[in-house]
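Raw contents of coords-v2.tsv, TSV, C-alpha atoms:
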chain	number	residue	atom	x	y	z
A	1	MET	CA	82.21	86.00	87.88
A	2	ARG	CA	83.57	82.47	88.15
A	3	ILE	CA	87.36	82.70	88.38
A	4	LEU	CA	89.90	79.87	88.29
A	5	LEU	CA	93.40	80.56	89.65
A	6	VAL	CA	96.07	78.05	88.63
A	7	HIS	CA	99.39	77.87	90.46
A	8	GLN	CA	101.47	74.83	91.45
A	9	ASN	CA	102.26	76.50	94.79
A	10	PHE	CA	98.97	78.33	95.36
A	11	PRO	CA	98.46	80.98	96.63
A	12	GLY	CA	101.90	82.12	95.39
A	13	GLN	CA	101.51	85.46	93.62
A	14	PHE	CA	97.72	85.25	94.19
A	15	ARG	CA	98.13	85.51	97.98
A	16	HIS	CA	96.33	88.86	98.20
A	17	LEU	CA	94.35	88.77	94.97
A	18	ALA	CA	92.43	85.55	95.61
A	19	PRO	CA	90.72	86.61	98.87
A	20	ALA	CA	90.10	90.09	97.49
A	21	LEU	CA	88.27	88.65	94.50
A	22	ALA	CA	86.22	86.39	96.77
A	23	ALA	CA	85.37	89.36	99.02
A	24	ARG	CA	83.94	91.15	95.97
A	25	GLY	CA	81.45	88.31	95.47
A	26	HIS	CA	83.22	86.33	92.76
A	27	GLN	CA	83.27	82.54	92.89
A	28	VAL	CA	86.99	81.85	93.19
A	29	VAL	CA	88.43	78.36	92.77
A	30	ALA	CA	92.09	77.31	92.83
A	31	LEU	CA	93.84	74.46	91.03
A	32	THR	CA	97.25	73.46	92.38
A	33	ALA	CA	99.68	70.54	92.55
A	34	GLU	CA	98.80	67.69	94.89
A	35	LYS	CA	102.04	68.14	96.87
A	36	ASN	CA	100.99	71.68	97.81
A	37	GLN	CA	99.11	71.48	101.08
A	38	GLN	CA	99.16	75.14	102.10
A	39	ALA	CA	96.07	76.16	104.03
A	40	THR	CA	93.76	78.55	102.21
A	41	ALA	CA	90.17	79.74	102.53
A	42	ILE	CA	89.79	79.45	98.74
A	43	ARG	CA	88.10	76.30	97.48
A	44	THR	CA	91.03	74.30	96.11
A	45	PHE	CA	91.38	71.29	93.82
A	46	ARG	CA	94.63	69.44	93.17
A	47	TYR	CA	96.12	67.71	90.17
A	48	PRO	CA	98.52	64.74	90.36
A	49	MET	CA	102.03	65.18	89.06
A	50	PRO	CA	103.38	62.97	86.25
A	51	ASP	CA	104.66	59.64	87.55
A	52	THR	CA	108.20	60.03	86.26
A	53	PRO	CA	110.22	62.98	84.95
A	54	PRO	CA	111.26	62.92	81.27
A	55	ASP	CA	114.45	61.07	80.38
A	56	PRO	CA	116.99	63.66	79.11
A	57	ARG	CA	118.60	60.95	76.96
A	58	GLN	CA	115.38	60.70	74.97
A	59	SER	CA	114.00	64.24	75.14
A	60	ARG	CA	117.43	65.95	74.97
A	61	LEU	CA	116.94	69.72	74.46
A	62	GLY	CA	113.20	69.20	74.80
A	63	THR	CA	113.47	67.95	78.39
A	64	THR	CA	111.99	71.08	79.94
A	65	TYR	CA	109.23	71.31	77.34
A	66	THR	CA	108.39	67.64	77.88
A	67	ALA	CA	108.19	68.15	81.64
A	68	MET	CA	105.97	71.21	81.25
A	69	THR	CA	103.60	69.59	78.77
A	70	ASP	CA	103.40	66.47	80.95
A	71	ARG	CA	102.30	68.72	83.81
A	72	ALA	CA	99.95	70.63	81.50
A	73	HIS	CA	98.35	67.32	80.52
A	74	ARG	CA	97.65	66.51	84.17
A	75	VAL	CA	96.23	70.00	84.70
A	76	ALA	CA	94.00	69.61	81.64
A	77	ARG	CA	92.65	66.30	82.90
A	78	ALA	CA	91.90	67.88	86.26
A	79	ALA	CA	90.19	70.77	84.46
A	80	ILE	CA	87.94	68.35	82.57
A	81	GLN	CA	86.86	66.85	85.90
A	82	LEU	CA	86.18	70.34	87.24
A	83	ARG	CA	84.02	71.00	84.20
A	84	ASP	CA	82.23	67.68	83.88
A	85	LYS	CA	82.00	66.37	87.45
A	86	VAL	CA	81.99	69.51	89.57
A	87	GLY	CA	80.15	71.61	87.00
A	88	PHE	CA	82.56	74.52	87.20
A	89	THR	CA	83.00	76.61	84.06
A	90	PRO	CA	85.08	79.72	84.67
A	91	ASP	CA	84.62	83.11	83.06
A	92	VAL	CA	88.32	83.85	83.75
A	93	VAL	CA	91.29	81.50	83.97
A	94	PHE	CA	94.40	83.10	85.49
A	95	GLY	CA	97.54	81.00	85.85
A	96	HIS	CA	101.30	81.31	86.24
A	97	CYS	CA	102.89	80.33	82.92
A	98	GLY	CA	106.23	79.28	84.42
A	99	TRP	CA	105.37	75.59	84.91
A	100	GLY	CA	103.27	74.93	81.83
A	101	GLU	CA	100.00	74.66	83.73
A	102	THR	CA	98.00	76.94	81.44
A	103	LEU	CA	99.02	75.39	78.10
A	104	PHE	CA	95.89	73.34	77.36
A	105	LEU	CA	93.22	75.14	79.36
A	106	ARG	CA	91.87	77.11	76.42
A	107	ASP	CA	90.88	73.79	74.84
A	108	ILE	CA	88.89	72.93	77.95
A	109	TRP	CA	87.23	76.32	78.34
A	110	PRO	CA	87.38	78.09	74.95
A	111	GLU	CA	84.87	80.76	75.98
A	112	ALA	CA	86.80	81.91	79.06
A	113	ARG	CA	89.17	84.87	79.23
A	114	HIS	CA	92.68	83.45	79.69
A	115	LEU	CA	95.29	85.40	81.65
A	116	VAL	CA	98.86	84.47	82.55
A	117	TYR	CA	101.32	85.70	85.14
A	118	ALA	CA	104.39	86.40	83.00
A	119	GLU	CA	107.20	86.38	85.54
A	120	PHE	CA	110.33	85.86	83.46
A	121	TYR	CA	111.39	84.85	79.95
A	122	TYR	CA	114.72	83.03	79.77
A	123	ALA	CA	117.47	84.14	77.39
A	124	SER	CA	120.83	82.61	76.50
A	125	LYS	CA	122.52	86.01	76.80
A	126	GLY	CA	122.00	89.29	78.60
A	127	LEU	CA	120.04	88.12	81.64
A	128	ASP	CA	120.90	85.61	84.37
A	129	VAL	CA	122.63	83.08	82.13
A	130	GLY	CA	126.28	83.98	81.63
A	131	PHE	CA	126.12	86.96	83.98
A	132	ASP	CA	128.50	85.52	86.58
A	133	PRO	CA	131.48	83.94	84.78
A	134	GLU	CA	132.34	81.94	87.90
A	135	PHE	CA	129.20	79.84	87.47
A	136	SER	CA	128.61	80.10	83.72
A	137	HIS	CA	128.73	77.42	81.09
A	138	GLN	CA	129.09	79.11	77.74
A	139	GLU	CA	129.34	76.06	75.52
A	140	LEU	CA	126.81	75.86	72.70
A	141	GLY	CA	124.82	73.06	74.30
A	142	ALA	CA	124.13	75.12	77.42
A	143	GLN	CA	123.00	78.12	75.37
A	144	LEU	CA	120.71	76.00	73.21
A	145	SER	CA	119.21	74.45	76.32
A	146	VAL	CA	118.23	77.90	77.58
A	147	VAL	CA	116.61	78.78	74.24
A	148	ALA	CA	114.71	75.48	74.36
A	149	ARG	CA	113.36	76.45	77.78
A	150	GLN	CA	111.49	79.31	76.12
A	151	GLY	CA	109.15	76.92	74.33
A	152	HIS	CA	106.42	76.51	76.94
A	153	LEU	CA	106.61	80.20	77.88
A	154	ALA	CA	106.11	81.33	74.29
A	155	LEU	CA	103.21	78.93	73.79
A	156	ALA	CA	101.57	80.13	77.00
A	157	MET	CA	101.80	83.73	75.81
A	158	VAL	CA	100.28	82.79	72.44
A	159	GLN	CA	97.37	81.11	74.23
A	160	ALA	CA	96.75	84.03	76.59
A	161	ASP	CA	94.37	86.93	76.00
A	162	ALA	CA	96.43	89.13	78.35
A	163	ALA	CA	99.39	88.83	80.69
A	164	LEU	CA	100.69	90.48	83.83
A	165	SER	CA	104.25	91.13	85.04
A	166	PRO	CA	105.22	92.57	88.43
A	167	THR	CA	107.91	94.93	87.11
A	168	GLU	CA	108.83	96.68	83.89
A	169	TRP	CA	112.19	94.93	83.86
A	170	GLN	CA	110.61	91.49	84.05
A	171	ALA	CA	108.08	92.37	81.35
A	172	ASP	CA	110.91	93.51	79.10
A	173	THR	CA	112.51	90.06	79.24
A	174	PHE	CA	109.68	88.89	76.95
A	175	PRO	CA	110.03	89.27	73.16
A	176	PRO	CA	108.56	92.41	71.57
A	177	CYS	CA	105.85	90.35	69.89
A	178	PHE	CA	104.40	89.58	73.36
A	179	ARG	CA	105.16	92.83	75.11
A	180	ASP	CA	101.91	94.56	74.15
A	181	LYS	CA	99.96	91.83	75.92
A	182	ILE	CA	101.63	92.54	79.25
A	183	THR	CA	100.30	94.89	81.93
A	184	ILE	CA	102.69	95.92	84.72
A	185	ILE	CA	101.21	95.48	88.20
A	186	HIS	CA	103.19	94.36	91.23
A	187	ASP	CA	101.73	91.82	93.65
A	188	GLY	CA	101.77	94.53	96.31
A	189	VAL	CA	103.39	95.20	99.68
A	190	ASP	CA	101.26	95.54	102.81
A	191	THR	CA	102.76	98.79	104.04
A	192	GLN	CA	100.21	99.02	106.88
A	193	ALA	CA	101.54	95.79	108.39
A	194	LEU	CA	105.17	96.30	107.36
A	195	ARG	CA	106.30	99.38	109.25
A	196	PRO	CA	109.40	100.36	111.19
A	197	ASP	CA	109.27	99.44	114.87
A	198	PRO	CA	111.85	101.05	117.19
A	199	GLN	CA	110.88	98.50	119.88
A	200	ALA	CA	111.60	95.44	117.74
A	201	HIS	CA	113.83	92.76	119.27
A	202	TYR	CA	114.79	89.20	118.45
A	203	ARG	CA	116.48	86.36	120.32
A	204	LEU	CA	119.11	84.63	118.21
A	205	PRO	CA	119.71	80.86	118.52
A	206	SER	CA	122.83	81.70	120.56
A	207	GLY	CA	120.60	83.35	123.16
A	208	ARG	CA	121.78	86.87	122.32
A	209	VAL	CA	118.98	89.43	121.98
A	210	ILE	CA	119.33	92.02	119.24
A	211	ARG	CA	117.25	95.18	119.13
A	212	ALA	CA	116.41	98.01	116.77
A	213	GLY	CA	119.31	100.43	116.98
A	214	ASP	CA	121.93	97.69	117.39
A	215	GLU	CA	124.65	97.30	114.78
A	216	VAL	CA	123.01	94.50	112.78
A	217	LEU	CA	123.70	93.61	109.16
A	218	THR	CA	121.12	91.38	107.46
A	219	TYR	CA	121.02	89.28	104.30
A	220	VAL	CA	117.97	87.38	103.06
A	221	ALA	CA	117.43	84.88	100.24
A	222	ARG	CA	115.11	81.90	99.91
A	223	ASN	CA	118.25	79.81	99.58
A	224	PHE	CA	121.89	80.76	100.07
A	225	GLU	CA	123.07	80.51	96.45
A	226	PRO	CA	124.96	82.34	93.67
A	227	TYR	CA	121.85	83.77	91.96
A	228	ARG	CA	121.33	85.99	95.00
A	229	GLY	CA	125.01	86.88	95.33
A	230	SER	CA	125.62	84.87	98.50
A	231	HIS	CA	129.24	84.26	97.50
A	232	ILE	CA	129.88	87.98	96.99
A	233	PHE	CA	128.27	88.86	100.32
A	234	LEU	CA	130.26	86.26	102.22
A	235	ARG	CA	133.52	87.34	100.57
A	236	ALA	CA	132.88	90.93	101.66
A	237	LEU	CA	132.22	89.95	105.28
A	238	PRO	CA	135.77	89.48	106.63
A	239	ASP	CA	136.65	93.13	106.07
A	240	VAL	CA	133.28	94.23	107.47
A	241	LEU	CA	133.71	92.20	110.65
A	242	ALA	CA	137.29	93.42	111.07
A	243	ALA	CA	136.30	97.07	110.68
A	244	ARG	CA	133.11	96.82	112.76
A	245	PRO	CA	133.93	94.75	115.87
A	246	ASP	CA	130.44	95.25	117.37
A	247	ALA	CA	128.51	94.24	114.25
A	248	GLN	CA	126.29	91.17	114.24
A	249	VAL	CA	125.45	89.54	110.90
A	250	VAL	CA	122.11	87.75	110.49
A	251	ILE	CA	121.60	85.56	107.42
A	252	ILE	CA	118.19	84.13	106.50
A	253	GLY	CA	117.88	81.40	103.86
A	254	GLY	CA	117.91	77.66	103.35
A	255	ASP	CA	120.58	75.36	101.98
A	256	GLY	CA	118.61	74.19	98.97
A	257	VAL	CA	118.62	75.53	95.41
A	258	SER	CA	115.87	77.82	94.13
A	259	TYR	CA	117.61	79.01	90.96
A	260	GLY	CA	120.54	77.82	88.91
A	261	ALA	CA	122.52	74.63	89.32
A	262	ALA	CA	123.17	72.76	92.53
A	263	PRO	CA	126.78	72.24	93.59
A	264	ALA	CA	128.35	68.89	92.83
A	265	LYS	CA	128.58	68.13	96.54
A	266	GLY	CA	127.19	69.69	99.69
A	267	SER	CA	125.53	73.10	99.78
A	268	TRP	CA	126.63	76.46	98.46
A	269	ARG	CA	126.79	77.74	102.03
A	270	GLU	CA	129.26	75.01	102.98
A	271	ILE	CA	131.36	75.71	99.89
A	272	PHE	CA	131.48	79.47	100.42
A	273	LEU	CA	132.14	79.14	104.15
A	274	ALA	CA	135.03	76.75	103.48
A	275	GLU	CA	136.46	79.36	101.13
A	276	GLN	CA	136.52	81.86	104.01
A	277	GLU	CA	137.80	79.42	106.65
A	278	GLY	CA	139.73	81.27	109.34
A	279	ARG	CA	138.67	84.70	108.06
A	280	LEU	CA	135.22	84.93	109.64
A	281	ASP	CA	134.31	85.35	113.29
A	282	LEU	CA	131.43	82.87	113.18
A	283	SER	CA	130.35	83.84	116.70
A	284	ARG	CA	129.04	87.03	115.06
A	285	VAL	CA	127.62	85.46	111.88
A	286	HIS	CA	124.23	83.87	112.53
A	287	PHE	CA	122.77	81.52	109.92
A	288	LEU	CA	119.08	81.16	110.79
A	289	GLY	CA	117.97	79.05	107.83
A	290	ARG	CA	114.38	79.67	106.82
A	291	VAL	CA	112.36	81.50	109.43
A	292	PRO	CA	108.63	82.22	109.99
A	293	TYR	CA	107.44	85.40	108.33
A	294	PRO	CA	106.97	87.30	111.64
A	295	ASP	CA	110.64	86.60	112.44
A	296	PHE	CA	111.69	88.00	109.07
A	297	THR	CA	109.62	91.10	109.75
A	298	ARG	CA	111.19	91.71	113.16
A	299	LEU	CA	114.68	91.23	111.78
A	300	MET	CA	114.08	93.80	109.02
A	301	GLN	CA	112.81	96.23	111.67
A	302	ILE	CA	116.01	95.65	113.65
A	303	SER	CA	118.41	95.74	110.70
A	304	ARG	CA	120.75	98.73	110.54
A	305	VAL	CA	121.90	97.72	107.06
A	306	HIS	CA	120.32	95.19	104.72
A	307	ALA	CA	122.34	93.70	101.84
A	308	TYR	CA	120.46	92.56	98.75
A	309	LEU	CA	122.14	91.06	95.70
A	310	THR	CA	120.73	89.46	92.61
A	311	VAL	CA	121.86	88.57	89.12
A	312	PRO	CA	119.57	89.96	86.37
A	313	PHE	CA	116.60	87.86	87.40
A	314	VAL	CA	113.26	88.04	89.21
A	315	LEU	CA	113.20	90.75	91.89
A	316	SER	CA	112.69	89.42	95.43
A	317	TRP	CA	109.69	90.45	97.52
A	318	SER	CA	112.06	90.68	100.50
A	319	MET	CA	113.87	93.74	99.14
A	320	LEU	CA	110.67	95.73	98.76
A	321	GLU	CA	109.41	94.57	102.15
A	322	ALA	CA	112.69	95.62	103.79
A	323	MET	CA	112.36	99.06	102.21
A	324	ALA	CA	108.78	99.31	103.50
A	325	MET	CA	110.17	98.86	107.02
A	326	GLU	CA	112.71	101.66	106.42
A	327	ALA	CA	115.70	99.39	106.12
A	328	CYS	CA	118.88	100.91	104.72
A	329	VAL	CA	119.24	98.72	101.66
A	330	ILE	CA	122.61	98.28	99.96
A	331	ALA	CA	121.85	96.46	96.71
A	332	SER	CA	123.50	95.22	93.55
A	333	ARG	CA	123.55	97.52	90.55
A	334	THR	CA	121.59	95.13	88.34
A	335	GLY	CA	118.57	95.77	86.13
A	336	PRO	CA	115.73	94.53	88.34
A	337	VAL	CA	117.07	96.51	91.33
A	338	GLU	CA	117.69	99.73	89.41
A	339	GLU	CA	113.99	99.94	88.57
A	340	VAL	CA	113.29	100.51	92.28
A	341	ILE	CA	116.42	101.94	93.90
A	342	THR	CA	118.19	105.14	92.90
A	343	ASP	CA	121.68	105.27	94.35
A	344	GLY	CA	121.93	107.77	97.18
A	345	VAL	CA	118.22	108.56	97.14
A	346	ASN	CA	116.34	105.58	98.57
A	347	GLY	CA	119.18	103.09	98.87
A	348	ARG	CA	122.74	102.44	97.79
A	349	LEU	CA	123.90	100.52	94.71
A	350	VAL	CA	127.17	98.62	94.38
A	351	ASP	CA	128.50	96.72	91.39
A	352	PHE	CA	127.57	93.06	91.85
A	353	PHE	CA	131.19	91.83	91.60
A	354	ASP	CA	132.93	94.63	93.53
A	355	ILE	CA	133.79	92.86	96.78
A	356	GLU	CA	135.84	95.76	98.14
A	357	GLY	CA	133.05	98.14	97.19
A	358	TRP	CA	130.58	95.99	99.12
A	359	SER	CA	132.77	95.95	102.20
A	360	ASP	CA	133.23	99.73	102.07
A	361	ALA	CA	129.53	100.49	101.52
A	362	LEU	CA	128.39	98.13	104.28
A	363	CYS	CA	130.96	99.48	106.74
A	364	GLU	CA	130.05	103.08	106.00
A	365	ALA	CA	126.34	102.50	106.53
A	366	LEU	CA	126.92	100.49	109.70
A	367	ALA	CA	129.21	103.18	111.12
A	368	ALA	CA	126.99	106.21	110.54
A	369	PRO	CA	123.29	105.26	110.63
A	370	GLU	CA	122.26	108.88	111.23
A	371	ARG	CA	123.57	109.81	107.76
A	372	TYR	CA	121.10	107.39	106.19
A	373	ALA	CA	117.93	108.50	107.99
A	374	THR	CA	116.67	110.43	104.95
A	375	LEU	CA	117.45	107.51	102.68
A	376	ARG	CA	115.47	105.15	104.94
A	377	LYS	CA	112.43	107.45	104.86
A	378	ALA	CA	112.69	107.70	101.09
A	379	ALA	CA	112.85	103.90	100.81
A	380	ARG	CA	109.53	103.50	102.58
A	381	ARG	CA	108.01	106.37	100.60
A	382	THR	CA	108.99	104.60	97.35
A	383	ILE	CA	107.11	101.48	98.42
A	384	VAL	CA	104.06	103.33	99.74
A	385	GLU	CA	103.71	105.42	96.60
A	386	ASN	CA	104.39	102.71	94.01
A	387	TYR	CA	103.87	99.27	95.55
A	388	ASP	CA	101.33	99.68	98.33
A	389	LEU	CA	98.95	96.74	98.37
A	390	ALA	CA	95.70	98.40	99.40
A	391	GLN	CA	95.98	101.74	97.63
A	392	VAL	CA	98.00	100.99	94.48
A	393	CYS	CA	98.42	97.36	93.48
A	394	LEU	CA	95.30	95.51	94.59
A	395	PRO	CA	92.82	97.90	92.92
A	396	ARG	CA	94.78	97.57	89.66
A	397	LEU	CA	94.96	93.78	89.98
A	398	LEU	CA	91.20	93.59	90.49
A	399	ARG	CA	90.57	95.75	87.42
A	400	PHE	CA	92.93	93.55	85.40
A	401	VAL	CA	91.03	90.37	86.28
A	402	GLU	CA	87.56	91.89	86.07
A	403	ALA	CA	88.13	93.62	82.72
A	404	ASP	CA	85.66	92.83	79.95
A	405	THR	CA	88.38	92.57	77.30

Would you mind writing the file's structure down as structure tokens?
Amino acid sequence: MRILLVHQNFPGQFRHLAPALAARGHQVVALTAEKNQQATAIRTFRYPMPDTPPDPRQSRLGTTYTAMTDRAHRVARAAIQLRDKVGFTPDVVFGHCGWGETLFLRDIWPEARHLVYAEFYYASKGLDVGFDPEFSHQELGAQLSVVARQGHLALAMVQADAALSPTEWQADTFPPCFRDKITIIHDGVDTQALRPDPQAHYRLPSGRVIRAGDEVLTYVARNFEPYRGSHIFLRALPDVLAARPDAQVVIIGGDGVSYGAAPAKGSWREIFLAEQEGRLDLSRVHFLGRVPYPDFTRLMQISRVHAYLTVPFVLSWSMLEAMAMEACVIASRTGPVEEVITDGVNGRLVDFFDIEGWSDALCEALAAPERYATLRKAARRTIVENYDLAQVCLPRLLRFVEADT
């Protein structure tokens, strides 16, 4: 078949699927934003972004919809060139619906089968918005803005023949009228590559070398921000460092903003560190920023305890990957996490806001790693049995794309 994959940050969630489809003999083409210059073996075309973002003073609550349809227009124009100048007419179009890219593609290729990656459907209540009162804006205007953000997502689902979500929890964020369109298949975890390694070691920027078996506490997020509970984790650290004088804390993540609002000034890391001024032994807290993937892997193999927090939002790949490497994961008791982790079986769960509970759970796991050996094994078994790339997810993803209906 001729298959078009559309993603502004390709390969994104198609990282494993795209080469697998090509290996099966399909003609696979990608369409992505011009700013995305990631190397890929897939033949890739790029669309230009709109010249200027929409003016909120004119578009008001429709600002997000305007931005998404402006992008969709650019994607549609690029698609016409693919059709008319390159001569490419896909049998399947599969795109992420989060940025509006798929909105007009059915008009370009009406005979194709149109699929969307349905990652998350925003809501004004009950999910990420309003979950953490410290960072919530509950006035009517903010709630209406969230509802307005549903517009391009709903239209994308209407246009699609079928949709895919990586977890049941994420699929259930979509309205019941769309739920029957959604198949649950995770992107997959390469459990052959991601294994525990008792010989793993890593040199920190300070020059200190940490090794598997050392008392190391890890925290990972794309960016150090409230959506991933960075403030809760940092507030729990003083008691952890006081109780565990040999513990080293390794934090991976940038100072940008992936989700939610940016602070008025500076970065969230600077704000939360200032809040703890004088309470943290920063010689034992190592902020690495963003690191290459092999570094992340080694650090998860070294980690004695891995903290993962999230508001009710998209589940991070990093949590599943840490479990695949037999990390002892202490995670927030929030919906997306509870789908994967059962407290005391393959991880530990702590209420998102319970700072004392976080300190206690982290200290306990750091102090007695032998008590968590069974839990670590169960964590990897959960990933192998339910999220393994080669044996579970990729075959299902291929069937989803190759289906006749």

- Message: Which residues are near Trp109 of chain A? Cut-off 9 Å, only C-alpha atoms, ignore same chain within fewer than 4 positions. Put them as a PyMOL selection string.
- Response: chain A and resi 79+83+89-91+93+105+113

- Task: Dig up all the protein and nucleic acid residues within 9 Å of (115.9, 104.6, 108.5) in the file frame, using all atoms listed in the file, and format them as a PyMOL selection string.
- Result: chain A and resi 196+304+325-328+369-370+372-380

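The space between atom CA of Trp268 of chain A and atom CA of Phe224 of chain A spans 6.6 Å.
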
- Query: Which residue gives the smallest distance to Arg235 of chain A among A:Trp99, A:Tyr47, A:Phe120, A:Phe353, with all atoms listed in the file counted?
  - Reply: A:Phe353

- Between A:Ala261, A:Val340, A:Ile210, A:Ile184, which one has atoms that come closest to Ser303 of chain A, using only C-alpha atoms?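 Distance minimum relative to Ser303 of chain A lands on A:Ile210.
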
- Give as a ChimeraX atom specification the set of residues within 9 Å of the point (90.5, 86.2, 85.1), where distances use the file's coordinates and only C-alpha atoms. /A:1-5,90-95,112-116,400-403

Output C-alpha atoms for every residue in the selection just made, as a PDB file, in the coordinates of the input.
ATOM      1  CA  MET A   1      82.210  86.000  87.880  1.00  0.00           C
ATOM      2  CA  ARG A   2      83.570  82.470  88.150  1.00  0.00           C
ATOM      3  CA  ILE A   3      87.360  82.700  88.380  1.00  0.00           C
ATOM      4  CA  LEU A   4      89.900  79.870  88.290  1.00  0.00           C
ATOM      5  CA  LEU A   5      93.400  80.560  89.650  1.00  0.00           C
ATOM      6  CA  PRO A  90      85.080  79.720  84.670  1.00  0.00           C
ATOM      7  CA  ASP A  91      84.620  83.110  83.060  1.00  0.00           C
ATOM      8  CA  VAL A  92      88.320  83.850  83.750  1.00  0.00           C
ATOM      9  CA  VAL A  93      91.290  81.500  83.970  1.00  0.00           C
ATOM     10  CA  PHE A  94      94.400  83.100  85.490  1.00  0.00           C
ATOM     11  CA  GLY A  95      97.540  81.000  85.850  1.00  0.00           C
ATOM     12  CA  ALA A 112      86.800  81.910  79.060  1.00  0.00           C
ATOM     13  CA  ARG A 113      89.170  84.870  79.230  1.00  0.00           C
ATOM     14  CA  HIS A 114      92.680  83.450  79.690  1.00  0.00           C
ATOM     15  CA  LEU A 115      95.290  85.400  81.650  1.00  0.00           C
ATOM     16  CA  VAL A 116      98.860  84.470  82.550  1.00  0.00           C
ATOM     17  CA  PHE A 400      92.930  93.550  85.400  1.00  0.00           C
ATOM     18  CA  VAL A 401      91.030  90.370  86.280  1.00  0.00           C
ATOM     19  CA  GLU A 402      87.560  91.890  86.070  1.00  0.00           C
ATOM     20  CA  ALA A 403      88.130  93.620  82.720  1.00  0.00           C
TER      21      ALA A 403
END

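Between atom CA of Arg399 of chain A and atom CA of Leu17 of chain A the interatomic distance comes to 11.0 Å.
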
- Item | Pairwise distance for atom CA of Leu217 of chain A and atom CA of Phe352 of chain A, rounded to one decimal in Å | 17.7 Å

Contacts of Pro53 of chain A at 9 Å (only C-alpha atoms; same-chain gap of 3+ positions) as a compact mmCIF listing (two decimals) with C-alpha atoms, in the coordinates of the input:
# COMPACT_ATOMS: atom_id res chain seq x y z
CA PRO A 50 103.38 62.97 86.25
CA PRO A 56 116.99 63.66 79.11
CA THR A 63 113.47 67.95 78.39
CA THR A 66 108.39 67.64 77.88
CA ALA A 67 108.19 68.15 81.64
CA ASP A 70 103.40 66.47 80.95
